[in-house]
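Below is one structure, written out as structure tokens; the observations come after it.
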Amino acid sequence: MPAYEYQCQKCQEVFTVFLTLAEHGHKRTVCPKCKGRKLTQLLGGVSVITSKKS
Ligand SMILES: [Zn+2]
């Protein structure tokens, strides 16, 4: 099951949602913190965060 990472445009909360492709097309994803619906989908955010090496 793919994970989708979103950032809320209202409270800036970043959260991950696990949805099938079918669910992704049907379900209305809302922010778990403020229930806001203005979300920005982050692409490849997880790999960017974990690539911190010095
Ligand atoms: Zn929010």
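If you're wondering about the labels, chains in the structure tokens are A, B, ... by order shown, residues count from 1 in each chain, ligands from 1 in order shown.
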* To do: List all protein, DNA and RNA residues that have at least one atom no more than 7 Å from any atom of ligand 1, counting only C-alpha atoms and all ligand atoms, and write them as a ChimeraX atom specification.
  => /A:8-13,31-36
* Asked: Smallest atom-to-atom distance to Leu42 (chain A): which of A:Ala22, A:Pro2, A:Gln7, A:Arg28, using only C-alpha atoms?
  -> A:Gln7
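Taking CA of Leu19 (chain A) and CA of Arg37 (chain A) as endpoints, the distance between them is 16.5 Å.
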* Quick one: distance from CA of Val14 (chain A) to CA of Lys27 (chain A) in Å, one decimal? -> 18.2 Å
* Just how far from CA of Leu43 (chain A) is CA of Thr20 (chain A), in Å to one decimal? -> 16.1 Å
